[in-house]
>>> print(open('protein-v2.cif').read())   # mmCIF, C-alpha atoms
data_work
#
loop_
_atom_site.group_PDB
_atom_site.id
_atom_site.type_symbol
_atom_site.label_atom_id
_atom_site.label_comp_id
_atom_site.auth_asym_id
_atom_site.auth_seq_id
_atom_site.Cartn_x
_atom_site.Cartn_y
_atom_site.Cartn_z
ATOM 1 C CA MET A 377 40.439 -12.606 -8.382
ATOM 2 C CA LEU A 378 36.998 -11.285 -7.635
ATOM 3 C CA ASP A 379 34.803 -9.631 -10.254
ATOM 4 C CA VAL A 380 31.506 -8.389 -8.807
ATOM 5 C CA ARG A 381 29.144 -6.246 -10.804
ATOM 6 C CA LEU A 382 25.603 -4.939 -10.719
ATOM 7 C CA ALA A 383 24.316 -4.634 -14.294
ATOM 8 C CA LEU A 384 21.705 -1.960 -14.932
ATOM 9 C CA GLU A 385 21.526 -2.947 -18.612
ATOM 10 C CA PRO A 386 21.307 -6.378 -20.305
ATOM 11 C CA PHE A 387 24.533 -8.373 -20.418
ATOM 12 C CA ASP A 388 25.728 -11.106 -22.773
ATOM 13 C CA PRO A 389 26.297 -14.252 -20.693
ATOM 14 C CA ALA A 390 28.211 -16.094 -23.419
ATOM 15 C CA ALA A 391 30.701 -13.248 -23.806
ATOM 16 C CA GLU A 392 31.085 -12.939 -20.019
ATOM 17 C CA ILE A 393 31.690 -16.679 -19.635
ATOM 18 C CA ALA A 394 34.223 -16.742 -22.480
ATOM 19 C CA ALA A 395 36.124 -13.792 -20.969
ATOM 20 C CA PHE A 396 36.084 -15.384 -17.504
ATOM 21 C CA ASN A 397 37.375 -18.710 -18.848
ATOM 22 C CA ALA A 398 40.152 -16.931 -20.735
ATOM 23 C CA ARG A 399 41.239 -15.153 -17.535
ATOM 24 C CA HIS A 400 41.670 -18.452 -15.671
ATOM 25 C CA PRO A 401 43.802 -20.786 -17.777
ATOM 26 C CA HIS A 402 45.296 -22.433 -14.666
ATOM 27 C CA ALA A 403 41.967 -23.487 -13.173
ATOM 28 C CA GLY A 404 41.218 -27.170 -13.656
ATOM 29 C CA GLY A 405 37.514 -26.638 -13.207
ATOM 30 C CA ILE A 406 35.118 -23.792 -13.895
ATOM 31 C CA VAL A 407 31.500 -23.929 -12.786
ATOM 32 C CA THR A 408 29.080 -21.522 -14.393
ATOM 33 C CA PHE A 409 25.526 -20.815 -13.301
ATOM 34 C CA LEU A 410 23.156 -18.677 -15.346
ATOM 35 C CA GLY A 411 19.760 -17.634 -14.035
ATOM 36 C CA GLN A 412 17.360 -16.368 -16.666
ATOM 37 C CA VAL A 413 13.775 -15.157 -16.830
ATOM 38 C CA ARG A 414 11.701 -18.259 -17.469
ATOM 39 C CA ASP A 415 9.191 -18.290 -20.268
ATOM 40 C CA SER A 416 6.172 -19.771 -18.509
ATOM 41 C CA GLY A 417 3.108 -18.947 -16.467
ATOM 42 C CA GLY A 418 2.169 -15.972 -18.589
ATOM 43 C CA VAL A 419 5.029 -13.870 -17.217
ATOM 44 C CA GLU A 420 5.518 -10.900 -19.525
ATOM 45 C CA ALA A 421 8.237 -9.121 -17.570
ATOM 46 C CA LEU A 422 10.296 -9.411 -14.415
ATOM 47 C CA GLU A 423 11.691 -6.473 -12.468
ATOM 48 C CA LEU A 424 14.551 -6.634 -10.007
ATOM 49 C CA GLN A 425 14.975 -3.611 -7.775
ATOM 50 C CA HIS A 426 18.149 -2.852 -5.863
ATOM 51 C CA TYR A 427 19.077 -0.357 -3.166
ATOM 52 C CA ALA A 428 22.232 1.411 -4.315
ATOM 53 C CA PRO A 429 23.848 2.043 -0.910
ATOM 54 C CA MET A 430 23.675 -1.651 0.034
ATOM 55 C CA THR A 431 23.228 -4.004 -2.929
ATOM 56 C CA LEU A 432 26.663 -3.933 -4.571
ATOM 57 C CA PRO A 433 28.556 -3.659 -1.252
ATOM 58 C CA GLY A 434 26.592 -6.725 -0.070
ATOM 59 C CA MET A 435 27.489 -8.675 -3.234
ATOM 60 C CA GLU A 436 31.161 -7.770 -2.759
ATOM 61 C CA GLU A 437 31.054 -9.005 0.820
ATOM 62 C CA LEU A 438 29.425 -12.254 -0.357
ATOM 63 C CA ALA A 439 32.246 -12.739 -2.880
ATOM 64 C CA ARG A 440 34.874 -12.215 -0.147
ATOM 65 C CA ILE A 441 33.135 -14.717 2.152
ATOM 66 C CA THR A 442 32.897 -17.260 -0.681
ATOM 67 C CA GLN A 443 36.573 -16.844 -1.495
ATOM 68 C CA ALA A 444 37.542 -17.218 2.169
ATOM 69 C CA ARG A 445 35.589 -20.470 2.371
ATOM 70 C CA TRP A 446 36.798 -22.253 -0.773
ATOM 71 C CA PRO A 447 40.108 -22.026 -2.632
ATOM 72 C CA VAL A 448 38.757 -20.378 -5.765
ATOM 73 C CA GLU A 449 41.182 -18.763 -8.173
ATOM 74 C CA GLY A 450 38.485 -16.601 -9.671
ATOM 75 C CA LEU A 451 34.903 -15.693 -8.919
ATOM 76 C CA LEU A 452 32.478 -13.682 -11.005
ATOM 77 C CA ILE A 453 29.158 -12.484 -9.621
ATOM 78 C CA LEU A 454 27.084 -10.479 -12.080
ATOM 79 C CA HIS A 455 23.483 -9.580 -11.239
ATOM 80 C CA ARG A 456 20.962 -7.573 -13.223
ATOM 81 C CA SER A 457 18.718 -4.877 -11.864
ATOM 82 C CA GLY A 458 15.844 -3.396 -13.844
ATOM 83 C CA VAL A 459 13.094 -4.710 -16.089
ATOM 84 C CA MET A 460 13.732 -7.989 -17.916
ATOM 85 C CA HIS A 461 11.816 -10.226 -20.286
ATOM 86 C CA PRO A 462 11.633 -14.013 -20.794
ATOM 87 C CA GLY A 463 15.014 -15.326 -21.922
ATOM 88 C CA ASP A 464 16.953 -12.399 -20.438
ATOM 89 C CA ALA A 465 19.849 -13.197 -18.114
ATOM 90 C CA ILE A 466 19.282 -12.276 -14.456
ATOM 91 C CA VAL A 467 22.368 -13.570 -12.731
ATOM 92 C CA LEU A 468 25.667 -15.158 -13.712
ATOM 93 C CA VAL A 469 28.059 -16.817 -11.286
ATOM 94 C CA CYS A 470 31.371 -18.300 -12.446
ATOM 95 C CA ALA A 471 33.767 -20.018 -10.070
ATOM 96 C CA ALA A 472 37.210 -21.204 -11.137
ATOM 97 C CA ALA A 473 39.217 -23.548 -8.958
ATOM 98 C CA ARG A 474 42.035 -26.044 -9.160
ATOM 99 C CA HIS A 475 39.566 -28.858 -8.466
ATOM 100 C CA ARG A 476 35.936 -29.143 -9.468
ATOM 101 C CA ARG A 477 34.337 -29.698 -6.053
ATOM 102 C CA ASP A 478 35.522 -26.335 -4.780
ATOM 103 C CA ALA A 479 34.170 -24.657 -7.904
ATOM 104 C CA PHE A 480 30.767 -26.369 -7.568
ATOM 105 C CA ALA A 481 30.495 -25.510 -3.883
ATOM 106 C CA ALA A 482 31.555 -21.886 -4.291
ATOM 107 C CA ALA A 483 29.047 -21.262 -7.094
ATOM 108 C CA ASP A 484 26.273 -23.044 -5.177
ATOM 109 C CA PHE A 485 26.997 -21.078 -1.983
ATOM 110 C CA ALA A 486 27.104 -17.755 -3.820
ATOM 111 C CA MET A 487 23.804 -18.472 -5.608
ATOM 112 C CA ASP A 488 21.955 -19.512 -2.451
ATOM 113 C CA HIS A 489 23.002 -16.256 -0.814
ATOM 114 C CA LEU A 490 22.159 -14.145 -3.848
ATOM 115 C CA LYS A 491 18.660 -15.656 -3.889
ATOM 116 C CA SER A 492 17.728 -15.013 -0.301
ATOM 117 C CA GLU A 493 20.285 -12.768 1.395
ATOM 118 C CA SER A 494 21.196 -10.107 -1.131
ATOM 119 C CA TRP A 495 19.453 -6.753 -1.415
ATOM 120 C CA PHE A 496 17.119 -7.373 -4.334
ATOM 121 C CA TRP A 497 13.343 -7.211 -4.632
ATOM 122 C CA LYS A 498 11.569 -8.985 -7.436
ATOM 123 C CA ARG A 499 8.191 -8.545 -9.048
ATOM 124 C CA GLU A 500 6.635 -10.091 -12.116
ATOM 125 C CA LYS A 501 4.129 -8.828 -14.609
ATOM 126 C CA THR A 502 1.344 -10.990 -16.003
ATOM 127 C CA ALA A 503 -1.927 -10.070 -17.712
ATOM 128 C CA LYS A 504 -3.233 -9.267 -14.216
ATOM 129 C CA GLY A 505 -0.526 -6.682 -13.601
ATOM 130 C CA TRP A 506 2.545 -6.523 -11.372
ATOM 131 C CA ARG A 507 2.972 -8.776 -8.335
ATOM 132 C CA TRP A 508 5.808 -8.791 -5.785
ATOM 133 C CA ILE A 509 7.508 -12.158 -5.301
ATOM 134 C CA GLU A 510 8.131 -13.140 -1.698
ATOM 135 C CA PRO A 511 10.998 -15.497 -0.854
ATOM 136 C CA ARG A 512 10.018 -19.181 -0.947
ATOM 137 C CA PRO A 513 10.531 -21.478 2.067
ATOM 138 C CA GLU A 514 12.824 -23.582 -0.166
ATOM 139 C CA ASP A 515 15.157 -20.593 -0.543
ATOM 140 C CA ARG A 516 15.522 -20.435 3.256
ATOM 141 C CA GLN A 517 16.146 -24.186 3.408
ATOM 142 C CA ASP A 518 18.789 -23.880 0.701
ATOM 143 C CA LEU A 519 20.525 -21.243 2.766
ATOM 144 C CA SER A 520 20.427 -23.282 5.970
ATOM 145 C CA ARG A 521 22.516 -26.016 4.316
ATOM 146 C CA TRP A 522 25.609 -23.853 4.732
ATOM 147 C CA GLY A 523 25.400 -23.521 8.524
ATOM 148 C CA MET B 1398 15.354 17.481 5.325
ATOM 149 C CA ALA B 1399 15.772 13.730 5.773
ATOM 150 C CA ARG B 1400 14.589 11.017 3.398
ATOM 151 C CA LEU B 1401 12.572 7.825 3.801
ATOM 152 C CA VAL B 1402 13.070 5.121 1.145
ATOM 153 C CA PHE B 1403 10.537 2.350 0.572
ATOM 154 C CA MET B 1404 11.762 -0.783 -1.224
ATOM 155 C CA GLY B 1405 9.805 -3.601 -2.832
ATOM 156 C CA ARG B 1406 6.146 -3.927 -1.901
ATOM 157 C CA LEU B 1407 6.485 -1.081 0.613
ATOM 158 C CA GLU B 1408 6.714 1.297 -2.341
ATOM 159 C CA ASP B 1409 3.215 0.222 -3.344
ATOM 160 C CA VAL B 1410 1.943 0.706 0.204
ATOM 161 C CA ALA B 1411 3.461 4.186 0.405
ATOM 162 C CA GLY B 1412 2.475 5.085 -3.145
ATOM 163 C CA VAL B 1413 5.920 6.642 -3.694
ATOM 164 C CA PRO B 1414 9.478 5.223 -3.752
ATOM 165 C CA GLU B 1415 10.747 7.862 -1.329
ATOM 166 C CA MET B 1416 9.597 10.777 0.735
ATOM 167 C CA THR B 1417 11.321 13.755 2.356
ATOM 168 C CA VAL B 1418 10.514 14.401 6.000
ATOM 169 C CA PRO B 1419 11.657 16.930 8.599
ATOM 170 C CA PRO B 1420 14.615 15.687 10.662
ATOM 171 C CA GLY B 1421 13.849 14.430 14.156
ATOM 172 C CA PRO B 1422 13.318 11.305 16.229
ATOM 173 C CA VAL B 1423 12.179 8.355 14.080
ATOM 174 C CA ASP B 1424 9.241 7.750 16.419
ATOM 175 C CA GLN B 1425 7.927 11.218 15.636
ATOM 176 C CA VAL B 1426 8.620 10.882 11.908
ATOM 177 C CA LEU B 1427 6.637 7.625 11.753
ATOM 178 C CA ALA B 1428 3.822 9.013 13.874
ATOM 179 C CA ALA B 1429 3.290 11.724 11.259
ATOM 180 C CA LEU B 1430 2.731 9.140 8.473
ATOM 181 C CA GLU B 1431 -0.501 7.440 7.470
ATOM 182 C CA PRO B 1432 -1.123 4.886 10.237
ATOM 183 C CA ALA B 1433 -1.622 2.085 7.679
ATOM 184 C CA LEU B 1434 1.806 2.825 6.191
ATOM 185 C CA ALA B 1435 3.521 3.129 9.578
ATOM 186 C CA VAL B 1436 2.166 -0.290 10.607
ATOM 187 C CA GLN B 1437 3.610 -1.885 7.447
ATOM 188 C CA LEU B 1438 6.964 -0.132 7.894
ATOM 189 C CA LEU B 1439 7.289 -1.519 11.407
ATOM 190 C CA GLY B 1440 6.323 -5.073 10.370
ATOM 191 C CA GLU B 1441 8.482 -7.751 11.953
ATOM 192 C CA LYS B 1442 9.976 -8.867 8.603
ATOM 193 C CA VAL B 1443 10.954 -5.346 7.576
ATOM 194 C CA ARG B 1444 14.579 -4.416 8.177
ATOM 195 C CA ILE B 1445 15.654 -0.801 8.473
ATOM 196 C CA ALA B 1446 18.896 0.834 7.352
ATOM 197 C CA LEU B 1447 20.224 4.282 8.190
ATOM 198 C CA ASN B 1448 22.517 5.651 5.475
ATOM 199 C CA GLY B 1449 23.151 2.130 4.169
ATOM 200 C CA GLN B 1450 23.840 0.503 7.563
ATOM 201 C CA LEU B 1451 21.343 -1.956 9.024
ATOM 202 C CA LEU B 1452 19.885 -0.970 12.381
ATOM 203 C CA THR B 1453 19.259 -3.588 15.036
ATOM 204 C CA ASP B 1454 16.785 -1.305 16.775
ATOM 205 C CA VAL B 1455 15.183 1.813 15.350
ATOM 206 C CA GLY B 1456 14.082 3.039 18.788
ATOM 207 C CA GLY B 1457 15.954 6.132 19.882
ATOM 208 C CA VAL B 1458 17.300 6.886 16.391
ATOM 209 C CA VAL B 1459 17.172 10.560 15.450
ATOM 210 C CA LEU B 1460 17.207 11.526 11.783
ATOM 211 C CA GLY B 1461 19.552 14.378 10.985
ATOM 212 C CA GLN B 1462 19.742 16.679 7.996
ATOM 213 C CA GLY B 1463 20.441 14.600 4.851
ATOM 214 C CA ASP B 1464 19.992 11.226 6.559
ATOM 215 C CA GLU B 1465 18.373 8.409 4.591
ATOM 216 C CA LEU B 1466 16.268 5.794 6.354
ATOM 217 C CA ALA B 1467 15.419 2.782 4.164
ATOM 218 C CA PHE B 1468 12.684 0.219 4.825
ATOM 219 C CA LEU B 1469 13.653 -3.181 3.427
ATOM 220 C CA PRO B 1470 11.045 -5.948 3.166
ATOM 221 C CA PRO B 1471 12.079 -9.607 2.650
ATOM 222 C CA VAL B 1472 14.441 -9.885 -0.298
ATOM 223 C CA SER B 1473 14.180 -12.112 -3.362
ATOM 224 C CA GLY B 1474 17.047 -12.068 -5.816
ATOM 225 C CA GLY B 1475 18.372 -14.336 -8.547
#
>>> encode(input="protein-v2.cif", output="structure tokens")
Amino acid sequence: MLDVRLALEPFDPAAEIAAFNARHPHAGGIVTFLGQVRDSGGVEALELQHYAPMTLPGMEELARITQARWPVEGLLILHRSGVMHPGDAIVLVCAAARHRRDAFAAADFAMDHLKSESWFWKREKTAKGWRWIEPRPEDRQDLSRWG
Amino acid sequence: MARLVFMGRLEDVAGVPEMTVPPGPVDQVLAALEPALAVQLLGEKVRIALNGQLLTDVGGVVLGQGDELAFLPPVSGG
């Protein structure tokens, strides 16, 4: 079962994880990844922009590809858009599978593609003002692992 | 009218998130913009989508009434 959402308002990761776990009692392994706004480097705020005609459809396609590649019983992809502050959740991926390796791989694959292939643009605010964040070479390398 | 949408840093270059333009060939639409903006929009890392569908080549595309052409710089999510 796929659950893919674009959150325009803050979400509660603990409640989302608990609900996901409860929906998948037959899964032997559940891998959960939470990305949050880090509290460092003088970052006061982070903004993720999305493009409505493409962002959610692209996330849904990513979920279908992930599910086709690994035998996951459930997959949650939840990504924020809007202005966030240190400690706020940005992205949550939960993958439930019969065996742990499939769950790890599915969550890892989904995250790598959310970072560098999904339709989001990120900028951060410091005392110097707003600055757009370009993708890092490491993000590209992470993606290339999947062939 | 048709609409141009500028995502990410391109919004800063354009000074606005979107702009309405008269319908017509994209070449002509871009030629009517500030040259500095047009150069950025046609940068090699910028992808272009018409009504939510990525274009492989913008040449020859004609914007119709109500069409939306989006300029998408390199993404960074998560």
>>> resolve_selection(input="protein-v2.cif", expression="the PyMOL selection byres ((chain A and resi 421) around 8)", output="list in words")
Val419, Glu420, Leu422, Glu423, Val459, Met460, His461, Pro462, Glu500, Lys501 and Thr502 of chain A
>>> residues_around(input="protein-v2.cif", residues="Phe409 in chain A", least_positions_apart="3", cutoff="8 Å", atoms="all atoms listed in the file", output="ChimeraX atom specification")
/A:467-470,483
>>> resolve_selection(input="protein-v2.cif", expression="the PyMOL selection byres ((chain B and resi 1446-1448) around 9)", output="ChimeraX atom specification")
/A:429 /B:1444-1445,1449-1453,1455,1460,1464-1469
>>> resolve_selection(input="protein-v2.cif", expression="the PyMOL selection byres ((chain A) within 8 of (chain B))", output="count of residues only")
23
>>> residues_near_point(input="protein-v2.cif", point="(25.0, -13.6, -17.0)", cutoff="7 Å", atoms="all atoms listed in the file", output="list in words")
Phe387, Asp388, Pro389, Glu392, Leu410, Leu454, Ala465, Ile466, Val467 and Leu468 of chain A
>>> atom_distance(input="protein-v2.cif", atom1="CA of Ala1433 in chain B", atom2="CA of Lys504 in chain A")
24.7 Å
>>> axis_aligned_box(input="protein-v2.cif", around="range 1424-1443 of chain B", padding_each_side="6 Å", output="AutoDock Vina command-line options")
--center_x 4.7 --center_y 1.4 --center_z 11.3 --size_x 24.6 --size_y 32.6 --size_z 22.2
>>> residues_around(input="protein-v2.cif", residues="Trp522 in chain A", least_positions_apart="3", cutoff="8 Å", atoms="only C-alpha atoms", output="list in words")
Phe485, Asp518 and Leu519 of chain A
>>> atom_distance(input="protein-v2.cif", atom1="CA of Ala428 in chain A", atom2="CA of Glu385 in chain A")
15.0 Å
>>> residues_around(input="protein-v2.cif", residues="Asn397 in chain A", least_positions_apart="6", cutoff="9 Å", atoms="all atoms listed in the file", output="PDB file with C-alpha atoms, in the frame of the given file")
ATOM      1  CA  ALA A 403      41.967 -23.487 -13.173  1.00  0.00           C
ATOM      2  CA  ILE A 406      35.118 -23.792 -13.895  1.00  0.00           C
ATOM      3  CA  CYS A 470      31.371 -18.300 -12.446  1.00  0.00           C
ATOM      4  CA  ALA A 472      37.210 -21.204 -11.137  1.00  0.00           C
TER       5      ALA A 472
END
>>> residues_around(input="protein-v2.cif", residues="range 1418-1429 of chain B", least_positions_apart="5", cutoff="8 Å", atoms="all atoms listed in the file", output="mmCIF file with C-alpha atoms, in the frame of the given file")
data_model
loop_
_atom_site.group_PDB
_atom_site.id
_atom_site.type_symbol
_atom_site.label_atom_id
_atom_site.label_comp_id
_atom_site.auth_asym_id
_atom_site.auth_seq_id
_atom_site.Cartn_x
_atom_site.Cartn_y
_atom_site.Cartn_z
ATOM 1 C CA MET B 1398 15.354 17.481 5.325
ATOM 2 C CA ALA B 1399 15.772 13.730 5.773
ATOM 3 C CA ARG B 1400 14.589 11.017 3.398
ATOM 4 C CA LEU B 1401 12.572 7.825 3.801
ATOM 5 C CA ALA B 1435 3.521 3.129 9.578
ATOM 6 C CA VAL B 1455 15.183 1.813 15.350
ATOM 7 C CA GLY B 1456 14.082 3.039 18.788
ATOM 8 C CA GLY B 1457 15.954 6.132 19.882
ATOM 9 C CA VAL B 1458 17.300 6.886 16.391
ATOM 10 C CA VAL B 1459 17.172 10.560 15.450
ATOM 11 C CA LEU B 1460 17.207 11.526 11.783
ATOM 12 C CA GLY B 1461 19.552 14.378 10.985
ATOM 13 C CA GLN B 1462 19.742 16.679 7.996
#
>>> atom_distance(input="protein-v2.cif", atom1="CA of Gly523 in chain A", atom2="CA of Pro447 in chain A")
18.5 Å
>>> decode(input="protein-v2.cif", residues="range 443-521 of chain A", atoms="C-alpha atoms", output="mmCIF file, in the first residue's frame")
data_model
loop_
_atom_site.group_PDB
_atom_site.id
_atom_site.type_symbol
_atom_site.label_atom_id
_atom_site.label_comp_id
_atom_site.auth_asym_id
_atom_site.auth_seq_id
_atom_site.Cartn_x
_atom_site.Cartn_y
_atom_site.Cartn_z
ATOM 1 C CA GLN A 443 7.417 -0.764 -4.974
ATOM 2 C CA ALA A 444 8.107 -2.431 -8.328
ATOM 3 C CA ARG A 445 11.761 -2.861 -7.382
ATOM 4 C CA TRP A 446 11.448 -4.275 -3.857
ATOM 5 C CA PRO A 447 8.714 -6.389 -2.269
ATOM 6 C CA VAL A 448 7.474 -3.768 0.170
ATOM 7 C CA GLU A 449 4.117 -4.264 1.836
ATOM 8 C CA GLY A 450 3.786 -0.589 2.599
ATOM 9 C CA LEU A 451 5.549 2.616 1.683
ATOM 10 C CA LEU A 452 4.998 6.097 3.042
ATOM 11 C CA ILE A 453 6.560 9.151 1.427
ATOM 12 C CA LEU A 454 5.691 12.424 3.131
ATOM 13 C CA HIS A 455 7.498 15.622 2.134
ATOM 14 C CA ARG A 456 7.037 19.159 3.402
ATOM 15 C CA SER A 457 6.826 22.259 1.282
ATOM 16 C CA GLY A 458 6.971 25.759 2.730
ATOM 17 C CA VAL A 459 9.018 27.559 5.357
ATOM 18 C CA MET A 460 10.523 25.461 8.155
ATOM 19 C CA HIS A 461 12.695 26.083 11.185
ATOM 20 C CA PRO A 462 15.448 24.082 12.932
ATOM 21 C CA GLY A 463 14.003 20.865 14.343
ATOM 22 C CA ASP A 464 11.064 20.797 11.917
ATOM 23 C CA ALA A 465 10.499 17.620 9.916
ATOM 24 C CA ILE A 466 11.189 17.924 6.177
ATOM 25 C CA VAL A 467 10.704 14.416 4.900
ATOM 26 C CA LEU A 468 9.553 11.073 6.267
ATOM 27 C CA VAL A 469 9.961 7.761 4.470
ATOM 28 C CA CYS A 470 8.674 4.504 5.970
ATOM 29 C CA ALA A 471 9.108 1.164 4.239
ATOM 30 C CA ALA A 472 7.550 -2.038 5.549
ATOM 31 C CA ALA A 473 8.630 -5.407 4.223
ATOM 32 C CA ARG A 474 8.659 -9.055 5.172
ATOM 33 C CA HIS A 475 12.448 -8.913 5.521
ATOM 34 C CA ARG A 476 14.630 -6.047 6.657
ATOM 35 C CA ARG A 477 16.975 -5.762 3.667
ATOM 36 C CA ASP A 478 14.124 -4.939 1.315
ATOM 37 C CA ALA A 479 12.865 -2.301 3.735
ATOM 38 C CA PHE A 480 16.325 -0.709 4.079
ATOM 39 C CA ALA A 481 16.884 -0.677 0.327
ATOM 40 C CA ALA A 482 13.454 0.712 -0.525
ATOM 41 C CA ALA A 483 13.773 3.573 1.976
ATOM 42 C CA ASP A 484 17.332 4.336 0.837
ATOM 43 C CA PHE A 485 16.326 4.333 -2.848
ATOM 44 C CA ALA A 486 13.311 6.558 -2.227
ATOM 45 C CA MET A 487 15.387 9.057 -0.215
ATOM 46 C CA ASP A 488 18.172 9.301 -2.795
ATOM 47 C CA HIS A 489 15.586 10.099 -5.451
ATOM 48 C CA LEU A 490 13.718 12.577 -3.274
ATOM 49 C CA LYS A 491 16.985 14.435 -2.638
ATOM 50 C CA SER A 492 18.086 14.875 -6.209
ATOM 51 C CA GLU A 493 15.323 13.880 -8.624
ATOM 52 C CA SER A 494 12.105 15.212 -7.155
ATOM 53 C CA TRP A 495 10.644 18.616 -7.960
ATOM 54 C CA PHE A 496 11.737 20.627 -4.940
ATOM 55 C CA TRP A 497 13.876 23.739 -4.613
ATOM 56 C CA LYS A 498 15.501 24.606 -1.331
ATOM 57 C CA ARG A 499 16.825 27.817 0.131
ATOM 58 C CA GLU A 500 18.074 28.698 3.579
ATOM 59 C CA LYS A 501 18.008 31.876 5.574
ATOM 60 C CA THR A 502 20.936 33.043 7.683
ATOM 61 C CA ALA A 503 21.814 36.472 9.073
ATOM 62 C CA LYS A 504 23.003 37.317 5.546
ATOM 63 C CA GLY A 505 19.598 36.607 4.033
ATOM 64 C CA TRP A 506 18.196 33.876 1.797
ATOM 65 C CA ARG A 507 20.427 31.640 -0.325
ATOM 66 C CA TRP A 508 19.387 28.930 -2.799
ATOM 67 C CA ILE A 509 20.940 25.514 -2.177
ATOM 68 C CA GLU A 510 22.272 23.770 -5.262
ATOM 69 C CA PRO A 511 22.460 19.970 -5.347
ATOM 70 C CA ARG A 512 25.745 18.576 -4.005
ATOM 71 C CA PRO A 513 27.950 16.251 -6.093
ATOM 72 C CA GLU A 514 27.454 13.626 -3.348
ATOM 73 C CA ASP A 515 23.709 13.635 -4.052
ATOM 74 C CA ARG A 516 24.420 12.732 -7.694
ATOM 75 C CA GLN A 517 26.829 9.995 -6.603
ATOM 76 C CA ASP A 518 24.215 8.609 -4.225
ATOM 77 C CA LEU A 519 21.776 8.422 -7.096
ATOM 78 C CA SER A 520 24.222 6.692 -9.433
ATOM 79 C CA ARG A 521 24.475 3.747 -7.018
#
